[in-house]
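> What follows is input-v4.txt, compact mmCIF, C-alpha atoms.
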```txt
# COMPACT_ATOMS: atom_id res chain seq x y z
CA MET A 572 93.86 -15.50 42.29
CA ASP A 573 91.22 -18.09 41.69
CA GLY A 574 88.73 -16.04 43.79
CA ILE A 575 89.45 -12.90 41.80
CA LYS A 576 88.81 -14.78 38.52
CA SER A 577 85.51 -16.12 39.81
CA ILE A 578 84.36 -12.61 40.74
CA GLY A 579 85.27 -11.38 37.25
CA VAL A 580 83.29 -14.15 35.61
CA ILE A 581 80.25 -13.31 37.72
CA ILE A 582 80.46 -9.60 36.80
CA ALA A 583 80.79 -10.40 33.11
CA THR A 584 77.75 -12.70 33.24
CA MET A 585 75.63 -10.02 34.92
CA GLN A 586 76.65 -7.43 32.33
CA LYS A 587 75.74 -9.83 29.55
CA ARG A 588 72.24 -10.36 31.00
CA ARG A 589 71.66 -6.61 31.26
CA VAL A 590 72.64 -6.18 27.63
CA LEU A 591 70.20 -8.91 26.58
CA GLN A 592 67.38 -7.30 28.62
CA LEU A 593 68.13 -3.94 27.06
CA LEU A 594 68.03 -5.44 23.57
CA SER A 595 64.66 -7.09 24.31
CA LEU A 596 63.25 -3.80 25.58
CA LEU A 597 64.41 -1.99 22.44
CA THR A 598 62.74 -4.67 20.27
CA VAL A 599 59.36 -4.24 22.04
CA VAL A 600 59.56 -0.46 21.70
CA SER A 601 60.34 -0.78 17.99
CA LEU A 602 57.31 -3.04 17.48
CA LEU A 603 55.03 -0.63 19.34
CA LEU A 604 56.29 2.29 17.28
CA ALA A 605 55.72 0.31 14.10
CA CYS A 606 52.15 -0.54 15.15
CA GLY A 607 51.55 3.09 16.02
CA SER A 608 52.79 4.24 12.66
CA ASN A 609 50.55 1.67 10.92
CA ARG A 610 47.48 2.81 12.89
CA SER A 611 48.26 6.41 12.10
CA GLY A 612 48.40 5.44 8.44
CA GLU A 613 45.07 3.65 8.71
CA GLN A 614 43.45 6.62 10.44
CA GLY A 615 44.86 8.96 7.87
CA ALA A 616 43.05 7.07 5.06
CA THR A 617 39.34 8.26 4.84
CA GLU A 618 36.82 5.39 4.63
CA THR A 619 34.08 5.68 1.97
CA VAL A 620 30.67 4.00 1.82
CA SER A 621 29.05 3.87 -1.62
CA GLY A 622 25.39 3.69 -2.60
CA VAL A 623 24.07 5.62 0.38
CA LYS A 624 20.71 7.29 -0.24
CA LEU A 625 20.59 10.90 0.98
CA GLU A 626 17.36 12.80 1.57
CA THR A 627 17.24 16.59 1.69
CA ILE A 628 15.19 17.91 4.58
CA ARG A 629 12.22 20.06 3.59
CA LEU A 630 9.61 21.84 5.68
CA ASN A 631 6.48 20.37 4.10
CA GLY A 632 2.80 20.69 4.78
CA ALA A 633 1.45 17.64 6.60
CA PRO A 634 -1.79 16.76 8.32
CA GLN A 635 -1.83 16.93 12.08
CA MET A 636 -3.08 13.58 13.32
CA TYR A 637 -5.29 12.75 16.28
CA GLU A 638 -4.82 9.26 17.70
CA ALA A 639 -8.18 7.81 18.70
CA VAL A 640 -8.58 4.70 20.80
CA GLY A 641 -11.21 2.22 19.69
CA THR A 642 -12.47 -1.35 19.71
CA VAL A 643 -12.66 -3.78 16.80
CA ARG A 644 -16.11 -5.22 16.30
CA SER A 645 -17.81 -7.36 13.69
CA ALA A 646 -19.63 -5.28 11.10
CA ASN A 647 -22.61 -7.64 11.25
CA VAL A 648 -23.77 -8.96 14.63
CA SER A 649 -27.02 -10.97 14.85
CA LEU A 650 -28.71 -11.18 18.24
CA LEU A 651 -31.05 -14.18 18.07
CA ASN A 652 -33.96 -13.73 20.49
CA ALA A 653 -36.90 -16.03 21.15
CA GLN A 654 -39.98 -15.08 19.09
CA MET A 655 -42.26 -17.44 20.98
CA GLY A 656 -42.52 -18.68 24.54
CA GLY A 657 -41.68 -22.24 25.49
CA THR A 658 -39.05 -24.65 26.73
CA VAL A 659 -35.71 -24.87 24.93
CA ARG A 660 -35.66 -28.43 23.64
CA GLU A 661 -32.30 -28.53 21.87
CA ILE A 662 -29.05 -26.51 21.58
CA ARG A 663 -26.78 -27.65 18.76
CA VAL A 664 -23.88 -25.18 19.10
CA ARG A 665 -21.44 -23.82 21.65
CA ALA A 666 -19.63 -20.50 21.92
CA GLY A 667 -16.81 -20.43 19.38
CA ASP A 668 -18.49 -22.74 16.86
CA ARG A 669 -18.52 -21.61 13.24
CA VAL A 670 -21.93 -21.73 11.59
CA ARG A 671 -23.41 -21.29 8.11
CA SER A 672 -26.38 -19.26 6.99
CA GLY A 673 -29.59 -21.31 7.43
CA GLN A 674 -28.00 -23.78 9.85
CA LEU A 675 -30.25 -24.98 12.69
CA LEU A 676 -28.78 -23.75 15.99
CA ALA A 677 -31.51 -24.45 18.57
CA ALA A 678 -35.12 -25.60 18.90
CA ILE A 679 -38.00 -24.67 21.21
CA ASP A 680 -40.83 -27.06 22.12
CA ASP A 681 -43.18 -26.87 19.11
CA ARG A 682 -46.17 -28.98 20.22
CA ALA A 683 -48.52 -26.03 20.75
CA PRO A 684 -47.79 -24.25 17.44
CA ARG A 685 -47.86 -27.58 15.58
CA ALA A 686 -51.37 -28.25 16.96
CA GLN A 687 -52.39 -24.79 15.75
CA VAL A 688 -51.07 -25.64 12.30
CA ASP A 689 -53.08 -28.89 12.25
CA ALA A 690 -56.24 -27.05 13.31
CA ALA A 691 -55.70 -24.38 10.69
CA GLN A 692 -55.13 -27.05 8.06
CA ALA A 693 -58.43 -28.69 8.97
CA GLY A 694 -60.18 -25.34 8.65
CA VAL A 695 -58.64 -24.82 5.22
CA GLN A 696 -59.83 -28.25 4.06
CA GLU A 697 -63.34 -27.60 5.35
CA ALA A 698 -63.46 -24.25 3.59
CA GLU A 699 -62.19 -25.79 0.37
CA HIS A 700 -64.90 -28.47 0.49
CA GLY A 701 -67.50 -25.76 1.05
CA VAL A 702 -66.20 -23.86 -1.96
CA VAL A 703 -66.56 -26.97 -4.14
CA GLU A 704 -70.11 -27.65 -2.93
CA VAL A 705 -71.19 -24.05 -3.52
CA GLU A 706 -69.67 -24.05 -7.00
CA GLN A 707 -71.56 -27.21 -7.93
CA ALA A 708 -74.83 -25.85 -6.52
CA LEU A 709 -74.27 -22.55 -8.29
CA GLN A 710 -73.76 -24.31 -11.59
CA ALA A 711 -77.12 -26.09 -11.16
CA ALA A 712 -78.84 -22.88 -10.08
CA THR A 713 -77.44 -21.02 -13.08
CA ALA A 714 -78.77 -23.71 -15.41
CA ASP A 715 -82.23 -23.49 -13.76
CA ARG A 716 -82.18 -19.72 -14.00
CA ARG A 717 -81.29 -19.83 -17.68
CA PHE A 718 -84.09 -22.31 -18.43
CA ALA A 719 -86.61 -20.28 -16.41
CA GLU A 720 -85.46 -17.08 -18.09
CA ALA A 721 -85.88 -18.58 -21.56
CA THR A 722 -89.36 -19.85 -20.66
CA TYR A 723 -90.29 -16.49 -19.19
CA LYS A 724 -89.23 -14.63 -22.36
CA ARG A 725 -91.10 -17.09 -24.58
CA TYR A 726 -94.23 -16.71 -22.49
CA GLN A 727 -93.90 -12.92 -22.81
CA ASN A 728 -94.12 -13.22 -26.59
CA LEU A 729 -97.04 -15.59 -26.41
CA LEU A 730 -98.87 -13.32 -24.00
CA ALA A 731 -98.37 -10.39 -26.36
CA LYS A 732 -100.04 -12.46 -29.08
CA ASN A 733 -102.82 -13.51 -26.72
CA SER A 734 -101.69 -17.11 -27.23
CA LEU A 735 -101.19 -17.67 -23.51
CA SER A 736 -103.25 -17.07 -20.43
CA ARG A 737 -102.19 -14.59 -17.81
CA GLN A 738 -102.02 -17.30 -15.17
CA GLU A 739 -99.55 -19.40 -17.18
CA PHE A 740 -97.41 -16.37 -17.82
CA GLU A 741 -97.31 -15.40 -14.15
CA GLY A 742 -96.35 -18.96 -13.25
CA ALA A 743 -93.38 -18.82 -15.66
CA GLU A 744 -92.46 -15.41 -14.32
CA ALA A 745 -92.50 -16.67 -10.72
CA LYS A 746 -90.28 -19.64 -11.58
CA TYR A 747 -87.79 -17.34 -13.32
CA ARG A 748 -87.62 -14.94 -10.39
CA ALA A 749 -87.19 -17.83 -7.94
CA ALA A 750 -84.39 -19.32 -10.03
CA LEU A 751 -82.71 -15.91 -10.27
CA ALA A 752 -82.94 -15.38 -6.50
CA ASN A 753 -81.55 -18.87 -5.85
CA GLU A 754 -78.62 -18.20 -8.18
CA ARG A 755 -77.82 -14.89 -6.48
CA ALA A 756 -78.09 -16.47 -3.03
CA LEU A 757 -75.62 -19.17 -4.03
CA GLN A 758 -73.28 -16.52 -5.47
CA ALA A 759 -73.37 -14.63 -2.14
CA LYS A 760 -72.83 -17.89 -0.28
CA GLY A 761 -69.87 -18.65 -2.52
CA LYS A 762 -68.32 -15.31 -1.67
CA GLY A 763 -68.79 -16.02 2.02
CA ILE A 764 -67.22 -19.48 1.67
CA GLU A 765 -64.32 -17.97 -0.29
CA ALA A 766 -63.79 -15.37 2.44
CA ARG A 767 -63.75 -18.13 5.06
CA ASN A 768 -61.32 -20.05 2.91
CA GLN A 769 -59.00 -17.05 2.75
CA GLN A 770 -59.32 -16.60 6.50
CA ALA A 771 -58.45 -20.25 7.04
CA GLN A 772 -55.45 -19.91 4.73
CA ALA A 773 -54.29 -16.85 6.71
CA GLN A 774 -54.71 -18.73 9.99
CA LYS A 775 -52.70 -21.60 8.58
CA SER A 776 -49.95 -19.24 7.41
CA SER A 777 -49.86 -17.57 10.83
CA ALA A 778 -49.68 -20.94 12.57
CA GLU A 779 -46.88 -22.07 10.26
CA THR A 780 -44.99 -18.85 10.95
CA MET A 781 -45.38 -19.41 14.70
CA LEU A 782 -44.18 -22.98 14.21
CA SER A 783 -41.10 -21.71 12.35
CA TYR A 784 -40.21 -19.63 15.41
CA SER A 785 -39.48 -22.86 17.24
CA ARG A 786 -36.46 -23.40 14.96
CA ILE A 787 -33.58 -20.98 15.60
CA VAL A 788 -31.43 -20.77 12.47
CA SER A 789 -28.36 -18.67 11.69
CA PRO A 790 -29.06 -15.72 9.39
CA ILE A 791 -25.38 -15.32 8.40
CA ASP A 792 -22.10 -17.18 8.07
CA GLY A 793 -20.13 -16.50 11.23
CA VAL A 794 -19.15 -17.68 14.69
CA ILE A 795 -21.16 -18.12 17.88
CA THR A 796 -19.89 -15.56 20.38
CA GLN A 797 -22.48 -15.99 23.12
CA LYS A 798 -24.88 -18.72 24.30
CA SER A 799 -27.45 -17.38 26.77
CA VAL A 800 -29.63 -20.45 27.42
CA ASP A 801 -29.35 -24.19 27.97
CA VAL A 802 -31.60 -27.15 27.23
CA GLY A 803 -34.63 -27.02 29.50
CA THR A 804 -34.64 -23.25 29.94
CA VAL A 805 -38.12 -21.74 29.75
CA VAL A 806 -38.00 -18.60 27.62
CA MET A 807 -40.44 -15.81 26.91
CA PRO A 808 -40.73 -13.88 23.62
CA GLY A 809 -37.77 -11.51 23.32
CA ALA A 810 -35.43 -13.52 25.56
CA PRO A 811 -31.84 -13.64 24.19
CA LEU A 812 -30.73 -17.06 22.98
CA LEU A 813 -27.55 -16.82 20.87
CA THR A 814 -25.26 -14.22 19.31
CA VAL A 815 -23.69 -14.76 15.90
CA GLU A 816 -20.95 -12.50 14.53
CA GLU A 817 -19.78 -12.32 10.94
CA THR A 818 -16.04 -13.03 10.70
CA SER A 819 -15.36 -11.82 7.18
CA HIS A 820 -15.97 -8.14 7.82
CA TYR A 821 -14.73 -6.14 10.82
CA ARG A 822 -14.76 -2.46 11.67
CA LEU A 823 -13.15 -0.20 14.24
CA GLU A 824 -15.41 1.88 16.45
CA ALA A 825 -13.43 4.87 17.77
CA SER A 826 -14.43 7.93 19.80
CA LEU A 827 -13.23 11.43 18.84
CA PRO A 828 -13.71 14.78 20.61
CA GLU A 829 -16.75 16.62 19.30
CA GLU A 830 -14.53 19.50 18.12
CA PHE A 831 -13.31 17.25 15.29
CA LEU A 832 -16.79 16.32 14.05
CA ALA A 833 -16.51 18.46 10.90
CA LYS A 834 -12.98 17.17 10.16
CA VAL A 835 -13.85 13.47 9.65
CA LYS A 836 -15.25 12.53 6.23
CA VAL A 837 -16.99 9.34 5.13
CA GLY A 838 -14.81 7.42 2.64
CA GLU A 839 -11.54 8.82 4.05
CA GLU A 840 -8.67 6.30 4.34
CA ILE A 841 -7.40 5.92 7.91
CA PRO A 842 -4.35 3.98 9.25
CA VAL A 843 -5.39 1.60 12.02
CA THR A 844 -2.90 -0.02 14.40
CA THR A 845 -3.73 -3.37 16.00
CA ALA A 846 -1.65 -6.00 17.77
CA ARG A 847 -0.86 -7.44 14.34
CA GLY A 848 0.46 -4.20 12.84
CA VAL A 849 -0.83 -1.30 10.76
CA ILE A 850 -3.71 -1.78 8.33
CA HIS A 851 -5.59 0.80 6.28
CA GLY A 852 -9.32 1.18 6.82
CA ARG A 853 -11.93 3.50 5.42
CA VAL A 854 -14.43 5.65 7.32
CA ALA A 855 -17.84 4.03 6.79
CA GLU A 856 -20.04 5.96 9.19
CA VAL A 857 -19.89 9.03 11.40
CA VAL A 858 -22.45 9.08 14.22
CA PRO A 859 -23.02 12.81 14.83
CA ALA A 860 -24.74 12.38 18.22
CA SER A 861 -22.22 13.20 20.96
CA ASP A 862 -21.95 11.33 24.23
CA PRO A 863 -22.97 13.89 26.89
CA ALA A 864 -20.62 12.32 29.45
CA SER A 865 -17.41 12.26 27.39
CA ARG A 866 -18.28 14.90 24.76
CA THR A 867 -17.16 12.53 22.01
CA PHE A 868 -18.79 11.16 18.86
CA LEU A 869 -18.46 7.71 17.32
CA VAL A 870 -16.67 6.93 14.04
CA LYS A 871 -16.90 3.50 12.39
CA VAL A 872 -13.96 2.52 10.18
CA ASP A 873 -14.34 -0.46 7.84
CA LEU A 874 -11.31 -2.77 7.86
CA PRO A 875 -10.28 -4.71 4.74
CA SER A 876 -11.17 -8.38 4.37
CA GLY A 877 -8.56 -10.77 5.68
CA SER A 878 -7.40 -8.41 8.43
CA LEU A 879 -7.23 -11.31 10.96
CA CYS A 880 -8.92 -9.21 13.61
CA GLN A 881 -10.95 -10.36 16.60
CA SER A 882 -14.09 -8.85 18.00
CA GLY A 883 -13.32 -6.80 21.10
CA GLU A 884 -9.67 -6.24 20.15
CA TYR A 885 -7.98 -2.98 21.18
CA ALA A 886 -6.84 -0.72 18.33
CA THR A 887 -5.94 2.89 17.57
CA ALA A 888 -6.55 5.05 14.49
CA LEU A 889 -4.93 8.24 13.23
CA PHE A 890 -7.39 10.87 11.98
CA PRO A 891 -6.15 13.99 10.12
CA VAL A 892 -7.72 16.96 11.88
CA GLU A 893 -5.78 19.96 10.50
CA GLN A 894 -2.80 20.95 8.31
CA THR A 895 0.61 21.88 9.75
CA ARG A 896 4.20 22.34 8.47
CA MET A 897 6.80 19.92 9.75
CA MET A 898 10.08 18.15 8.98
CA SER A 899 10.24 14.38 8.86
CA VAL A 900 12.65 11.59 7.98
CA PRO A 901 12.14 7.91 7.18
CA GLN A 902 12.22 5.59 10.17
CA SER A 903 15.26 3.91 8.59
CA ALA A 904 17.35 7.09 9.05
CA LEU A 905 17.15 7.00 12.87
CA VAL A 906 20.17 5.62 14.74
CA GLU A 907 19.73 4.95 18.45
CA HIS A 908 22.55 5.05 21.01
CA GLY A 909 20.99 4.01 24.28
CA GLU A 910 18.14 6.42 24.92
CA LEU A 911 19.47 8.95 22.41
CA GLU A 912 18.22 9.26 18.84
CA GLY A 913 20.11 10.82 15.96
CA VAL A 914 20.77 10.82 12.24
CA TYR A 915 23.85 11.03 10.03
CA VAL A 916 24.06 14.37 8.20
CA ALA A 917 26.35 14.73 5.19
CA ASN A 918 28.23 17.99 4.57
CA SER A 919 29.14 19.49 1.21
CA GLN A 920 32.28 17.29 0.98
CA GLY A 921 30.27 14.14 1.58
CA ALA A 922 31.55 13.48 5.10
CA VAL A 923 28.88 12.53 7.67
CA GLU A 924 28.47 13.48 11.29
CA TYR A 925 26.11 12.03 13.88
CA ARG A 926 23.59 14.63 15.00
CA LEU A 927 21.16 14.21 17.89
CA VAL A 928 17.51 14.95 17.11
CA LYS A 929 14.24 15.17 19.00
CA THR A 930 11.46 13.16 17.39
CA GLY A 931 7.71 13.62 17.46
CA LYS A 932 4.79 11.61 16.17
CA SER A 933 5.26 8.82 13.67
CA GLY A 934 3.01 8.18 10.72
CA GLY A 935 3.49 5.17 8.49
CA ASP A 936 7.19 4.78 7.61
CA ARG A 937 8.15 8.37 8.57
CA ILE A 938 8.69 10.19 11.85
CA GLU A 939 8.46 13.87 12.73
CA ILE A 940 11.66 15.76 13.61
CA ILE A 941 10.98 18.48 16.17
CA SER A 942 14.56 19.77 16.57
CA GLY A 943 18.14 18.96 15.58
CA LEU A 944 17.83 19.44 11.81
CA ASN A 945 17.57 22.41 9.51
CA GLU A 946 15.88 22.76 6.17
CA GLY A 947 18.36 21.80 3.45
CA ASP A 948 20.32 19.27 5.55
CA ARG A 949 21.12 16.03 3.75
CA VAL A 950 20.37 12.94 5.85
CA ALA A 951 21.52 9.37 5.15
CA VAL A 952 18.50 7.06 5.02
CA THR A 953 20.16 3.78 3.95
CA GLN A 954 23.19 1.80 5.15
CA VAL A 955 23.28 3.84 8.36
CA GLU A 956 24.66 0.82 10.23
CA LYS A 957 27.94 1.26 8.27
CA LEU A 958 28.36 4.96 9.10
CA ARG A 959 30.21 6.85 11.82
CA ASP A 960 31.58 10.35 12.19
CA GLY A 961 34.01 11.37 9.47
CA ILE A 962 33.15 8.67 6.94
CA ARG A 963 32.56 9.88 3.42
CA VAL A 964 29.48 8.71 1.53
CA GLU A 965 28.82 8.43 -2.15
CA ALA A 966 25.15 9.00 -2.86
CA GLN A 967 23.40 6.59 -5.15
```
Please express what this file holds, its structure, as structure tokens.


Amino acid sequence: MDGIKSIGVIIATMQKRRVLQLLSLLTVVSLLLACGSNRSGEQGATETVSGVKLETIRLNGAPQMYEAVGTVRSANVSLLNAQMGGTVREIRVRAGDRVRSGQLLAAIDDRAPRAQVDAAQAGVQEAEHGVVEVEQALQAATADRRFAEATYKRYQNLLAKNSLSRQEFEGAEAKYRAALANERALQAKGKGIEARNQQAQAQKSSAETMLSYSRIVSPIDGVITQKSVDVGTVVMPGAPLLTVEETSHYRLEASLPEEFLAKVKVGEEIPVTTARGVIHGRVAEVVPASDPASRTFLVKVDLPSGSLCQSGEYATALFPVEQTRMMSVPQSALVEHGELEGVYVANSQGAVEYRLVKTGKSGGDRIEIISGLNEGDRVAVTQVEKLRDGIRVEAQ
């Protein structure tokens, strides 16, 4: 009997455990059903995003752009060459140094031109002394001529009155003519001395100019970009010494196909892209001569002051070459999923859907849409990070 009771207790205990397991399973299922019903309720409620800016797609006329590759260069580059032969005595700058206009950069041995200046100065002094001597002699000769002329005229009157002999008159006449000839000779000599004085002054000026060539000074404010000689180098006239570039004004030099020569206008504003971003320049010069090798012509685009460019820097520029019709959206409207690009398009009820698009060239803050959109579509251009398919938007 005791064994039978024990078996009954064991069976009852097992049944009780099964009931408890069944109750636990029912509880879990109830919780899952409740969660499912809550999620269904959440999905049933439509989410709305307010203040979204919508842009209606239009097929508008737009310039077709040609992207030209170019190089940034200083607008003012001074190549300082030797204007006299000699030995470089001093170099005061290195490549990269900033210099001011009029600053002494280098010096060439000036002993020979300085000796020429001293010789020319001596010639000028000698000519000046000669001018003074001739002037003093001419003053005395003029006084003698005036006295002799007065005597000669007085003797003419006396001779007419027979109050003077012919011999006395001829003597006065001879003295007058001699004094007149002496005065004229001194006047001619004075002109010759004055001419020599002017020649000496010119020689002195030439020597001083040659002496100034021994001092190499900067013609502009800028930076030294190249040093071609060292102290002790013997240079000939025309030999390159230093290169100075202005740093306050840069320009882009770009090459365009010759077919676009008539399309580029001086004064036209052009977007230029450098490593530091997009800046707006202005066409300053169009060189119409084409390169026979590449069949391109050169365009120089002035960049605004403070562009923080560097000479030799790579850059590109977009030139409008013809008009075309295209659709475009702001860059902010594009949403990327991996390598795919798309936009959110709102329907008439305000619900948005993600639509894949194919993009083309970008210009400024807009990008061309080649396919994926139709004229009249409304595209979300703000708060796109909050959107997904089915969400309603309220336009601002």

> Please determine, counting all atoms listed in the file, which residue among A:Phe890, A:Tyr915, A:Tyr784, A:Phe740 has the shortest atom-to-atom distance to Leu958 in chain A.

A:Tyr915

> Using all atoms listed in the file, pick whichever of A:Thr814, A:Ser826, A:Thr844, A:Ser878 has the shortest atom-to-atom distance to Val858 in chain A.

A:Ser826

> Please identify all polymer residues within 7 Å of range 719-722 of chain A, counting all atoms listed in the file, omitting same-chain residues fewer than 6 positions from it, and present them as a list in words.

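Near neighbours after the sequence-gap exclusion: Ala743, Lys746, Tyr747 and Ala750 of chain A.
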
> Any idea what's packed within 8 Å of Ala633 in chain A, counting only C-alpha atoms, ignoring anything in its chain fewer than 2 positions away? Could you give it as a PyMOL selection string?

chain A and resi 631+635+894-897

> Please provide the set of residues having any atom within 10 Å of Val955 in chain A, restricted to all atoms listed in the file, with same-chain residues fewer than 6 positions apart removed, written as a list in words.

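These residues fall inside the cut-off: Val620, Val623, Lys624, Ser903, Ala904, Leu905, Val906, Val914 and Tyr915 of chain A.
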
> Which residues, protein or nucleic acid, reach to within 6 Å of (-14.3, 8.6, 5.9) in the file's coordinates when using all atoms listed in the file, and can you give that as a PyMOL selection string?

chain A and resi 836-839+853-855

> Give me, as an NGL selection string, all polymer residues having an atom no more than 9 Å from Gln687 in chain A, counting only C-alpha atoms and skipping those fewer than 4 positions away in the same chain.

:A and (682-683 or 691-692 or 774-775 or 778-779 or 781-782)

> Atoms to include: C-alpha atoms. Write the selected residues as a PDB file, in the coordinates of the input.


```
ATOM      1  CA  ARG A 682     -46.170 -28.980  20.220  1.00  0.00           C
ATOM      2  CA  ALA A 683     -48.520 -26.030  20.750  1.00  0.00           C
ATOM      3  CA  ALA A 691     -55.700 -24.380  10.690  1.00  0.00           C
ATOM      4  CA  GLN A 692     -55.130 -27.050   8.060  1.00  0.00           C
ATOM      5  CA  GLN A 774     -54.710 -18.730   9.990  1.00  0.00           C
ATOM      6  CA  LYS A 775     -52.700 -21.600   8.580  1.00  0.00           C
ATOM      7  CA  ALA A 778     -49.680 -20.940  12.570  1.00  0.00           C
ATOM      8  CA  GLU A 779     -46.880 -22.070  10.260  1.00  0.00           C
ATOM      9  CA  MET A 781     -45.380 -19.410  14.700  1.00  0.00           C
ATOM     10  CA  LEU A 782     -44.180 -22.980  14.210  1.00  0.00           C
TER      11      LEU A 782
END
```

> Considering only C-alpha atoms, return as a list in words whatever protein or nucleic-acid residues lie within 7 Å of Val806 in chain A, sequence-local ones (same chain, fewer than 6 positions apart) excluded.

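Close residues of Val806 in chain A: Gly656, Gly657 and Thr658 of chain A.
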
> How would the residues just chosen look if you wrote them out with C-alpha atoms as a PDB file, in the frame of the given file?


```
ATOM      1  CA  GLY A 656     -42.520 -18.680  24.540  1.00  0.00           C
ATOM      2  CA  GLY A 657     -41.680 -22.240  25.490  1.00  0.00           C
ATOM      3  CA  THR A 658     -39.050 -24.650  26.730  1.00  0.00           C
TER       4      THR A 658
END
```

> Would you compute the distance between CA of Val964 in chain A and CA of Thr627 in chain A? Give it in Å to one decimal.

14.6 Å
